[in-house]
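Below is one structure, written out as structure tokens; the observations come after it.
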Amino acid sequence: NIPDVSHFSSLDNKRLIESDKAHYMHGYHAFDEHRQHGSLNITQGDDAYIRDAQGQQYLDAVGGMWCTNIGLAREEMAQAIAEQTRQLAYSNSFCDMANDRAIQLSEKLAELAPGDLDRVFLTTGGSTAVDTAIRLVHYYQNCRGKHEKKQIITRINAYHGSTYLTMSLGGKQADRPEEFDFLTDGIHHLSCPNFYRAPEGVNEAEFLEGLVAEFENKILEIGPERVGAFLAEPIMGSGGVIIPPAGYHRRMWEVCQRHDVLYISDEVVTSFGRLGHFFASEAEFDIQPDIITTAKGLTSGYQPLGACIFSERIWEVIAEPGAGRCFSHGFTYSGHPVACAAALKNIEILEREALLPRAREVGRYFEQRLRTLEDLPIVGEVRARCFMACVEFVADKTTRTLFPEALNIGEWVHLRAQKRGLLVRPIVHLNVMSPALTLTHEQVDFVVDVLRESILETLEDLRAAGHW
Ligand code: PMP
């Protein structure tokens, strides 16, 4: 139980909720829903739990937003952040300016990242890390004199951020073309490696061959001399925890090697323990990317921070001695000393408490327990790897037909779980989860038991409303 230190009376909170409606536009919040239902005002957090302004406590299986890896309310983190704030709250990192914490963090990231990924550019979050990676690819190709080699290949249903460029890279624009004029110039999309949605009669090995062939054909169609990089999440997160067929990343990486195409692994979600390792690319998927982007678990959400980590091979080209170049790129808050201090302390805690091997062990239990939900009549598939998980709801298990999108089935289950003290993240027909890595076996049981009860109640309510 989190001790309730809320200083809001319920009257205060009512006023705040009205003020939220009047002034605060949240990302991805449907306007009509916001107007009608307001927001859940979260006022406290402790480890894997959060509490709202009404005093209701929830196990936060969303993990903030894939990010509260070490759990909330760590006194050591508060101290590290306070001490750094007192010592040096800000310093810019342009030109010849640096600070102790940014230097120490870059050294640590170079040590933790696989292979020769020894060069670090610090950013403000995941979107700016991916944006930096794309600028780096363009810059690298220009420095090599390969001015045409800048086309980027990515996948449908991916998520790489919310700036115009990174959202366009994600390939979700096909869903709502009327909303934005997404960038299409220089961006190409491949199929999503979701075997659950593979054509009828195709086995996993054939599915994999098809995906690899599609990639190679796409490079040949564009022309290898024009393709700069391939960008992929090891496991697609917001796209619905899509775990690709075994060997997929290795095979895609080999295609990159054959055509001198850089491999960018977007580990904004999958790093810092979420898959049981500091970085998943090499440890889980047997690849040596040229660039890794990270954020979220890098500070466990205690401060906003991201990083683009890249290889010596790229560095040697762009920083060729005597070439007189400079990378004209940077953010006011790149290398922010307080954010870097938080990241350093976060990494220290992950190491000292051996949270990564622990995540691998409890993560296996989480996977197994969640899969037991597959016996329920509207659970099409449970996809889970370590501390990334997702339940996909279907109206028909045999045909895998989805419920109508407007029904928002994920929200039905989410609201019934919320009543029982569990938060999961609804994305249309999905419930997505990424809790703190500190979760115990008992807490895993709680998550799965509450989900089962909530899905059963949803079933009854769907029947009563004539939807099922
Ligand atoms: N890449 C991936 C794989 C992500 O999941 C996200 C955020 N969910 C981003 C990039 C963007 O990160 P941010 O929201 O910190 O900009």
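Order determines the names: the first chain of the structure tokens is A, the second B, and so forth; residues in each chain are numbered 1 upward, and ligands are numbered 1 upward as they are shown.
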Please find the residues contacting ligand 1 at a distance of at most 7 Å between atoms, with only C-alpha atoms and all ligand atoms counted, and report them as a count of residues only. 20
Considering only C-alpha atoms, give me a table of residues in region 247-309 of chain A that are at most 10 Å from region 352-358 of chain A, with the closest atom pair and distance in Å for each, as CSV.
residue,atom,partner,partner_atom,distance
A:Phe272,CA,A:Leu356,CA,8.0
A:Gly273,CA,A:Leu356,CA,5.2
A:Arg274,CA,A:Leu356,CA,8.2
A:Leu275,CA,A:Leu356,CA,8.2
A:Gly276,CA,A:Leu356,CA,4.7
A:His277,CA,A:Leu356,CA,5.8
A:Phe278,CA,A:Leu356,CA,7.7
Please save N, CA and C atoms of the selected residues as a PDB file, in the first residue's frame.
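New file again_15.pdb:
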ATOM      1  N   PHE A 272      17.643  -1.741 -21.700  1.00  0.00           N
ATOM      2  CA  PHE A 272      17.648  -1.518 -20.240  1.00  0.00           C
ATOM      3  C   PHE A 272      16.723  -2.454 -19.469  1.00  0.00           C
ATOM      4  N   GLY A 273      16.776  -3.719 -19.901  1.00  0.00           N
ATOM      5  CA  GLY A 273      16.159  -4.773 -19.110  1.00  0.00           C
ATOM      6  C   GLY A 273      14.795  -5.248 -19.547  1.00  0.00           C
ATOM      7  N   ARG A 274      14.139  -4.485 -20.419  1.00  0.00           N
ATOM      8  CA  ARG A 274      12.767  -4.875 -20.775  1.00  0.00           C
ATOM      9  C   ARG A 274      12.736  -6.282 -21.383  1.00  0.00           C
ATOM     10  N   LEU A 275      13.818  -6.631 -22.113  1.00  0.00           N
ATOM     11  CA  LEU A 275      13.919  -8.001 -22.626  1.00  0.00           C
ATOM     12  C   LEU A 275      15.004  -8.781 -21.870  1.00  0.00           C
ATOM     13  N   GLY A 276      15.389  -8.274 -20.698  1.00  0.00           N
ATOM     14  CA  GLY A 276      16.330  -9.013 -19.853  1.00  0.00           C
ATOM     15  C   GLY A 276      17.802  -8.736 -20.130  1.00  0.00           C
ATOM     16  N   HIS A 277      18.089  -7.749 -20.979  1.00  0.00           N
ATOM     17  CA  HIS A 277      19.475  -7.383 -21.296  1.00  0.00           C
ATOM     18  C   HIS A 277      19.565  -5.865 -21.402  1.00  0.00           C
ATOM     19  N   PHE A 278      20.810  -5.345 -21.329  1.00  0.00           N
ATOM     20  CA  PHE A 278      20.924  -3.901 -21.547  1.00  0.00           C
ATOM     21  C   PHE A 278      20.472  -3.555 -22.965  1.00  0.00           C
TER      22      PHE A 278
END
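Within 10 Å of Arg383 (chain A), once only C-alpha atoms are used and residues closer than 4 positions along the same chain are dropped, the contacting residues are Tyr196, Gly240, Val241, Ile242, Ile243, Glu367, Leu370, Arg371, Met388, Ala389, Cys390, Val391, Glu392 and Val432 of chain A.
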When distances are computed from only C-alpha atoms, which of A:Leu407, A:Ile349, A:Ala158, A:Leu136 shows the smallest separation from Gly228 (chain A)? A:Leu136
Name the residues of region 350-444 of chain A that come out as helix (DSSP H, G or I) in a backbone DSSP run; write them as a tab-separated table (two decimals) with N, CA, C and O atoms, in the first residue's frame.
chain	number	residue	atom	x	y	z
A	350	LEU	N	20.24	-1.04	-11.75
A	350	LEU	CA	19.97	-2.24	-12.57
A	350	LEU	C	21.08	-3.27	-12.36
A	350	LEU	O	20.82	-4.47	-12.23
A	351	GLU	N	22.33	-2.79	-12.31
A	351	GLU	CA	23.48	-3.70	-12.15
A	351	GLU	C	23.56	-4.25	-10.73
A	351	GLU	O	23.68	-5.45	-10.52
A	352	ARG	N	23.49	-3.35	-9.75
A	352	ARG	CA	23.69	-3.75	-8.35
A	352	ARG	C	22.61	-4.72	-7.88
A	352	ARG	O	22.89	-5.70	-7.20
A	355	LEU	N	18.92	-6.74	-11.73
A	355	LEU	CA	17.53	-6.72	-12.20
A	355	LEU	C	17.37	-7.37	-13.58
A	355	LEU	O	16.27	-7.78	-13.93
A	356	LEU	N	18.47	-7.48	-14.35
A	356	LEU	CA	18.32	-8.07	-15.68
A	356	LEU	C	18.13	-9.59	-15.62
A	356	LEU	O	17.16	-10.11	-16.18
A	357	PRO	N	19.02	-10.33	-14.91
A	357	PRO	CA	18.74	-11.77	-14.78
A	357	PRO	C	17.42	-12.04	-14.08
A	357	PRO	O	16.70	-12.98	-14.44
A	358	ARG	N	17.07	-11.18	-13.14
A	358	ARG	CA	15.79	-11.33	-12.44
A	358	ARG	C	14.62	-11.16	-13.43
A	358	ARG	O	13.66	-11.91	-13.42
A	359	ALA	N	14.77	-10.15	-14.31
A	359	ALA	CA	13.71	-9.92	-15.31
A	359	ALA	C	13.58	-11.12	-16.23
A	359	ALA	O	12.47	-11.50	-16.60
A	360	ARG	N	14.72	-11.75	-16.57
A	360	ARG	CA	14.64	-12.92	-17.46
A	360	ARG	C	13.87	-14.05	-16.78
A	360	ARG	O	13.05	-14.73	-17.39
A	361	GLU	N	14.13	-14.20	-15.47
A	361	GLU	CA	13.48	-15.30	-14.73
A	361	GLU	C	12.00	-15.01	-14.51
A	361	GLU	O	11.12	-15.81	-14.90
A	362	VAL	N	11.67	-13.85	-13.94
A	362	VAL	CA	10.25	-13.52	-13.69
A	362	VAL	C	9.53	-13.33	-15.02
A	362	VAL	O	8.34	-13.66	-15.16
A	363	GLY	N	10.27	-12.82	-16.02
A	363	GLY	CA	9.68	-12.62	-17.35
A	363	GLY	C	9.18	-13.92	-17.96
A	363	GLY	O	8.12	-13.95	-18.58
A	364	ARG	N	9.94	-15.00	-17.75
A	364	ARG	CA	9.49	-16.32	-18.27
A	364	ARG	C	8.18	-16.73	-17.60
A	364	ARG	O	7.27	-17.24	-18.25
A	365	TYR	N	8.09	-16.48	-16.30
A	365	TYR	CA	6.87	-16.82	-15.56
A	365	TYR	C	5.70	-15.97	-16.07
A	365	TYR	O	4.59	-16.46	-16.27
A	366	PHE	N	5.96	-14.68	-16.28
A	366	PHE	CA	4.95	-13.74	-16.80
A	366	PHE	C	4.42	-14.26	-18.15
A	366	PHE	O	3.21	-14.34	-18.38
A	367	GLU	N	5.36	-14.66	-19.04
A	367	GLU	CA	4.96	-15.19	-20.36
A	367	GLU	C	4.05	-16.40	-20.20
A	367	GLU	O	2.97	-16.47	-20.80
A	368	GLN	N	4.51	-17.36	-19.37
A	368	GLN	CA	3.75	-18.62	-19.21
A	368	GLN	C	2.36	-18.35	-18.64
A	368	GLN	O	1.38	-18.88	-19.14
A	369	ARG	N	2.31	-17.55	-17.60
A	369	ARG	CA	1.02	-17.29	-16.95
A	369	ARG	C	0.07	-16.56	-17.90
A	369	ARG	O	-1.12	-16.88	-17.98
A	370	LEU	N	0.60	-15.57	-18.65
A	370	LEU	CA	-0.27	-14.83	-19.56
A	370	LEU	C	-0.85	-15.74	-20.65
A	370	LEU	O	-2.01	-15.60	-21.03
A	371	ARG	N	-0.03	-16.70	-21.10
A	371	ARG	CA	-0.50	-17.58	-22.19
A	371	ARG	C	-1.70	-18.41	-21.76
A	371	ARG	O	-2.47	-18.86	-22.61
A	372	THR	N	-1.89	-18.59	-20.45
A	372	THR	CA	-3.05	-19.37	-20.00
A	372	THR	C	-4.36	-18.67	-20.38
A	372	THR	O	-5.41	-19.30	-20.41
A	373	LEU	N	-4.27	-17.37	-20.69
A	373	LEU	CA	-5.49	-16.63	-21.07
A	373	LEU	C	-5.98	-17.03	-22.46
A	373	LEU	O	-7.10	-16.68	-22.86
A	374	GLU	N	-5.14	-17.75	-23.21
A	374	GLU	CA	-5.52	-18.10	-24.59
A	374	GLU	C	-6.71	-19.06	-24.65
A	374	GLU	O	-7.27	-19.29	-25.71
A	375	ASP	N	-7.11	-19.64	-23.48
A	375	ASP	CA	-8.30	-20.51	-23.50
A	375	ASP	C	-9.60	-19.71	-23.54
A	375	ASP	O	-10.67	-20.25	-23.77
A	405	GLU	N	-13.75	-1.74	-35.09
A	405	GLU	CA	-12.81	-0.83	-34.41
A	405	GLU	C	-13.55	0.12	-33.47
A	405	GLU	O	-13.07	0.42	-32.36
A	406	ALA	N	-14.75	0.58	-33.90
A	406	ALA	CA	-15.48	1.57	-33.10
A	406	ALA	C	-15.90	1.00	-31.74
A	406	ALA	O	-16.15	1.75	-30.80
A	407	LEU	N	-15.94	-0.31	-31.62
A	407	LEU	CA	-16.33	-0.93	-30.34
A	407	LEU	C	-15.24	-0.73	-29.29
A	407	LEU	O	-15.50	-0.70	-28.09
A	409	ILE	N	-12.65	-2.67	-28.19
A	409	ILE	CA	-12.70	-3.81	-27.26
A	409	ILE	C	-11.60	-3.75	-26.20
A	409	ILE	O	-11.81	-4.11	-25.04
A	410	GLY	N	-10.42	-3.26	-26.59
A	410	GLY	CA	-9.33	-3.15	-25.62
A	410	GLY	C	-9.72	-2.28	-24.44
A	410	GLY	O	-9.37	-2.56	-23.28
A	411	GLU	N	-10.47	-1.23	-24.73
A	411	GLU	CA	-10.93	-0.29	-23.71
A	411	GLU	C	-11.93	-0.98	-22.75
A	411	GLU	O	-11.91	-0.73	-21.55
A	412	TRP	N	-12.76	-1.88	-23.29
A	412	TRP	CA	-13.73	-2.59	-22.45
A	412	TRP	C	-12.99	-3.36	-21.35
A	412	TRP	O	-13.34	-3.28	-20.18
A	413	VAL	N	-11.98	-4.08	-21.75
A	413	VAL	CA	-11.24	-4.91	-20.78
A	413	VAL	C	-10.45	-4.00	-19.84
A	413	VAL	O	-10.45	-4.19	-18.62
A	414	HIS	N	-9.82	-2.98	-20.42
A	414	HIS	CA	-9.02	-2.04	-19.62
A	414	HIS	C	-9.85	-1.43	-18.49
A	414	HIS	O	-9.42	-1.38	-17.34
A	415	LEU	N	-11.07	-0.98	-18.80
A	415	LEU	CA	-11.90	-0.31	-17.77
A	415	LEU	C	-12.31	-1.29	-16.67
A	415	LEU	O	-12.37	-0.92	-15.49
A	416	ARG	N	-12.55	-2.55	-17.07
A	416	ARG	CA	-12.94	-3.55	-16.06
A	416	ARG	C	-11.74	-3.96	-15.21
A	416	ARG	O	-11.88	-4.30	-14.03
A	417	ALA	N	-10.55	-3.91	-15.78
A	417	ALA	CA	-9.33	-4.19	-15.00
A	417	ALA	C	-9.04	-3.02	-14.05
A	417	ALA	O	-8.65	-3.23	-12.90
A	418	GLN	N	-9.26	-1.82	-14.56
A	418	GLN	CA	-8.99	-0.61	-13.75
A	418	GLN	C	-9.83	-0.62	-12.47
A	418	GLN	O	-9.32	-0.29	-11.39
A	419	LYS	N	-11.07	-1.04	-12.60
A	419	LYS	CA	-11.97	-1.15	-11.44
A	419	LYS	C	-11.37	-2.07	-10.37
A	419	LYS	O	-11.60	-1.92	-9.19
A	441	HIS	N	6.51	-12.69	-8.39
A	441	HIS	CA	5.64	-13.74	-8.92
A	441	HIS	C	4.19	-13.50	-8.50
A	441	HIS	O	3.27	-13.71	-9.28
A	442	GLU	N	4.01	-13.04	-7.25
A	442	GLU	CA	2.65	-12.78	-6.75
A	442	GLU	C	1.99	-11.66	-7.55
A	442	GLU	O	0.79	-11.73	-7.84
A	443	GLN	N	2.76	-10.65	-7.88
A	443	GLN	CA	2.19	-9.55	-8.66
A	443	GLN	C	1.84	-10.01	-10.09
A	443	GLN	O	0.85	-9.58	-10.66
A	444	VAL	N	2.67	-10.89	-10.63
A	444	VAL	CA	2.35	-11.47	-11.94
A	444	VAL	C	1.02	-12.21	-11.85
A	444	VAL	O	0.13	-12.06	-12.71
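In this structure, CA of Leu117 (chain A) sits 11.1 Å away from CA of Thr293 (chain A).
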What's around Met77 (chain A) at 10 Å? Count only C-alpha atoms, leave out sequence neighbours fewer than 6 positions away in its own chain, and write the answer as a PyMOL selection string. chain A and resi 83+299-300+302-303+341-346+349
Keeping only N, CA and C atoms, take the residues you just selected and write them out as a PDB file, in the first residue's frame.
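Output file selection-v6.pdb follows:
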ATOM      1  N   GLU A  83      21.093  16.123  -5.979  1.00  0.00           N
ATOM      2  CA  GLU A  83      22.511  16.503  -5.856  1.00  0.00           C
ATOM      3  C   GLU A  83      23.020  17.149  -7.143  1.00  0.00           C
ATOM      4  N   THR A 299      16.531   5.961 -18.229  1.00  0.00           N
ATOM      5  CA  THR A 299      16.419   6.643 -16.932  1.00  0.00           C
ATOM      6  C   THR A 299      15.256   6.076 -16.121  1.00  0.00           C
ATOM      7  N   SER A 300      14.635   5.017 -16.615  1.00  0.00           N
ATOM      8  CA  SER A 300      13.405   4.468 -16.015  1.00  0.00           C
ATOM      9  C   SER A 300      12.331   5.537 -15.845  1.00  0.00           C
ATOM     10  N   TYR A 302      12.656   8.604 -14.892  1.00  0.00           N
ATOM     11  CA  TYR A 302      12.879   9.632 -13.856  1.00  0.00           C
ATOM     12  C   TYR A 302      13.239  10.981 -14.465  1.00  0.00           C
ATOM     13  N   GLN A 303      13.815  10.959 -15.666  1.00  0.00           N
ATOM     14  CA  GLN A 303      14.139  12.180 -16.396  1.00  0.00           C
ATOM     15  C   GLN A 303      13.979  11.867 -17.892  1.00  0.00           C
ATOM     16  N   ALA A 341      22.713  12.226 -14.895  1.00  0.00           N
ATOM     17  CA  ALA A 341      22.932  11.720 -13.531  1.00  0.00           C
ATOM     18  C   ALA A 341      21.881  10.674 -13.194  1.00  0.00           C
ATOM     19  N   ALA A 342      20.632  10.922 -13.624  1.00  0.00           N
ATOM     20  CA  ALA A 342      19.558   9.950 -13.375  1.00  0.00           C
ATOM     21  C   ALA A 342      19.844   8.648 -14.111  1.00  0.00           C
ATOM     22  N   ALA A 343      20.306   8.750 -15.359  1.00  0.00           N
ATOM     23  CA  ALA A 343      20.606   7.540 -16.139  1.00  0.00           C
ATOM     24  C   ALA A 343      21.725   6.737 -15.479  1.00  0.00           C
ATOM     25  N   LEU A 344      22.766   7.432 -15.014  1.00  0.00           N
ATOM     26  CA  LEU A 344      23.901   6.735 -14.383  1.00  0.00           C
ATOM     27  C   LEU A 344      23.444   5.985 -13.126  1.00  0.00           C
ATOM     28  N   LYS A 345      22.622   6.652 -12.317  1.00  0.00           N
ATOM     29  CA  LYS A 345      22.138   6.012 -11.081  1.00  0.00           C
ATOM     30  C   LYS A 345      21.211   4.841 -11.428  1.00  0.00           C
ATOM     31  N   ASN A 346      20.393   5.028 -12.448  1.00  0.00           N
ATOM     32  CA  ASN A 346      19.473   3.980 -12.894  1.00  0.00           C
ATOM     33  C   ASN A 346      20.254   2.727 -13.335  1.00  0.00           C
ATOM     34  N   ILE A 349      21.703   0.942 -10.367  1.00  0.00           N
ATOM     35  CA  ILE A 349      20.687   0.139  -9.660  1.00  0.00           C
ATOM     36  C   ILE A 349      20.386  -1.145 -10.429  1.00  0.00           C
TER      37      ILE A 349
END
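The shortest atom-to-atom distance to Ala319 (chain A), with only C-alpha atoms taken into account, belongs to A:Cys143 out of A:Lys108, A:Ala280, A:Ala30, A:Cys143.
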CA of Ser281 (chain A) and CA of Pro244 (chain A) are how many Å apart? 12.9 Å
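Distances to Ile347 (chain A) were evaluated for A:Asn431, A:Leu298, A:Ala232, A:Asp445 using only C-alpha atoms, and the minimum falls at A:Leu298.
Proximity ranking of A:Arg420, A:His467, A:His23, A:Arg313 relative to Asp116 (chain A) places A:Arg313 first, based on only C-alpha atoms.
Closest approach to His189 (chain A) from the set A:Ser168, A:Ser10, A:Thr270, A:Thr398 is made by A:Ser168, with distances taken over only C-alpha atoms.
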Can you tell me, as a ChimeraX atom specification, what residues are no more than 10 Å from Ser334 (chain A) when counting only C-alpha atoms, ignoring any on the same chain fewer than 3 positions away? /A:91-94,102,121-125,128,305-307,330-331,337,339-340
Go ahead and save the residues from that selection, with C-alpha atoms, as a PDB file, in the first residue's frame.
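Below is the file again_24.pdb, written as the result:
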ATOM      1  CA  SER A  91      25.027  23.113 -19.140  1.00  0.00           C
ATOM      2  CA  ASN A  92      24.822  23.060 -22.916  1.00  0.00           C
ATOM      3  CA  SER A  93      26.626  20.445 -24.984  1.00  0.00           C
ATOM      4  CA  PHE A  94      27.228  22.350 -28.185  1.00  0.00           C
ATOM      5  CA  ALA A 102      27.259  13.418 -19.996  1.00  0.00           C
ATOM      6  CA  PHE A 121      24.905  11.292 -29.226  1.00  0.00           C
ATOM      7  CA  LEU A 122      22.569  12.236 -26.354  1.00  0.00           C
ATOM      8  CA  THR A 123      19.037  13.414 -27.087  1.00  0.00           C
ATOM      9  CA  THR A 124      15.852  14.375 -25.253  1.00  0.00           C
ATOM     10  CA  GLY A 125      13.877  11.144 -25.812  1.00  0.00           C
ATOM     11  CA  THR A 128      14.848  12.743 -31.172  1.00  0.00           C
ATOM     12  CA  LEU A 305      16.599  11.358 -22.073  1.00  0.00           C
ATOM     13  CA  GLY A 306      17.491   9.424 -25.197  1.00  0.00           C
ATOM     14  CA  ALA A 307      20.619   8.334 -27.025  1.00  0.00           C
ATOM     15  CA  GLY A 330      22.011  19.128 -31.363  1.00  0.00           C
ATOM     16  CA  PHE A 331      19.307  19.925 -28.854  1.00  0.00           C
ATOM     17  CA  PRO A 337      23.501  16.868 -16.597  1.00  0.00           C
ATOM     18  CA  ALA A 339      19.053  13.583 -16.898  1.00  0.00           C
ATOM     19  CA  CYS A 340      22.495  11.982 -17.324  1.00  0.00           C
TER      20      CYS A 340
END
Length of the CA of His188 (chain A) to CA of Phe285 (chain A) vector [Å]: 23.2 Å
Backbone DSSP call of strand (DSSP E) for region 173-219 of chain A, listed as a ChimeraX atom specification: /A:187-190
Residues from last step as file, all heavy atoms, as a compact mmCIF listing (two decimals), in the first residue's frame:
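File written: selection-v6.txt
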# COMPACT_ATOMS: atom_id res chain seq x y z
N ILE A 187 11.18 7.34 -47.95
CA ILE A 187 10.80 6.34 -46.95
C ILE A 187 10.01 5.21 -47.63
O ILE A 187 9.11 5.48 -48.43
CB ILE A 187 9.91 6.98 -45.85
CG1 ILE A 187 10.68 8.09 -45.13
CG2 ILE A 187 9.43 5.93 -44.85
CD1 ILE A 187 9.85 8.88 -44.13
N HIS A 188 10.38 3.98 -47.33
CA HIS A 188 9.71 2.82 -47.94
C HIS A 188 9.33 1.85 -46.84
O HIS A 188 10.09 1.67 -45.89
CB HIS A 188 10.65 2.11 -48.92
CG HIS A 188 11.23 3.05 -49.94
ND1 HIS A 188 10.73 3.20 -51.20
CD2 HIS A 188 12.29 3.91 -49.85
CE1 HIS A 188 11.43 4.11 -51.85
NE2 HIS A 188 12.39 4.55 -51.05
N HIS A 189 8.18 1.21 -47.00
CA HIS A 189 7.71 0.30 -45.95
C HIS A 189 7.61 -1.14 -46.42
O HIS A 189 7.15 -1.40 -47.52
CB HIS A 189 6.33 0.77 -45.45
CG HIS A 189 6.41 2.02 -44.65
ND1 HIS A 189 6.02 3.24 -45.13
CD2 HIS A 189 6.87 2.24 -43.40
CE1 HIS A 189 6.23 4.17 -44.21
NE2 HIS A 189 6.75 3.59 -43.15
N LEU A 190 8.03 -2.03 -45.53
CA LEU A 190 7.88 -3.48 -45.76
C LEU A 190 6.71 -3.98 -44.92
O LEU A 190 6.19 -3.26 -44.06
CB LEU A 190 9.15 -4.21 -45.32
CG LEU A 190 10.46 -3.80 -45.98
CD1 LEU A 190 11.62 -4.53 -45.31
CD2 LEU A 190 10.43 -4.10 -47.48
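Remark: for Pro304 (chain A), the closest of the candidate residues A:Gly27, A:Arg452, A:Asp290, A:Ala129 is A:Ala129 (distances computed over only C-alpha atoms).
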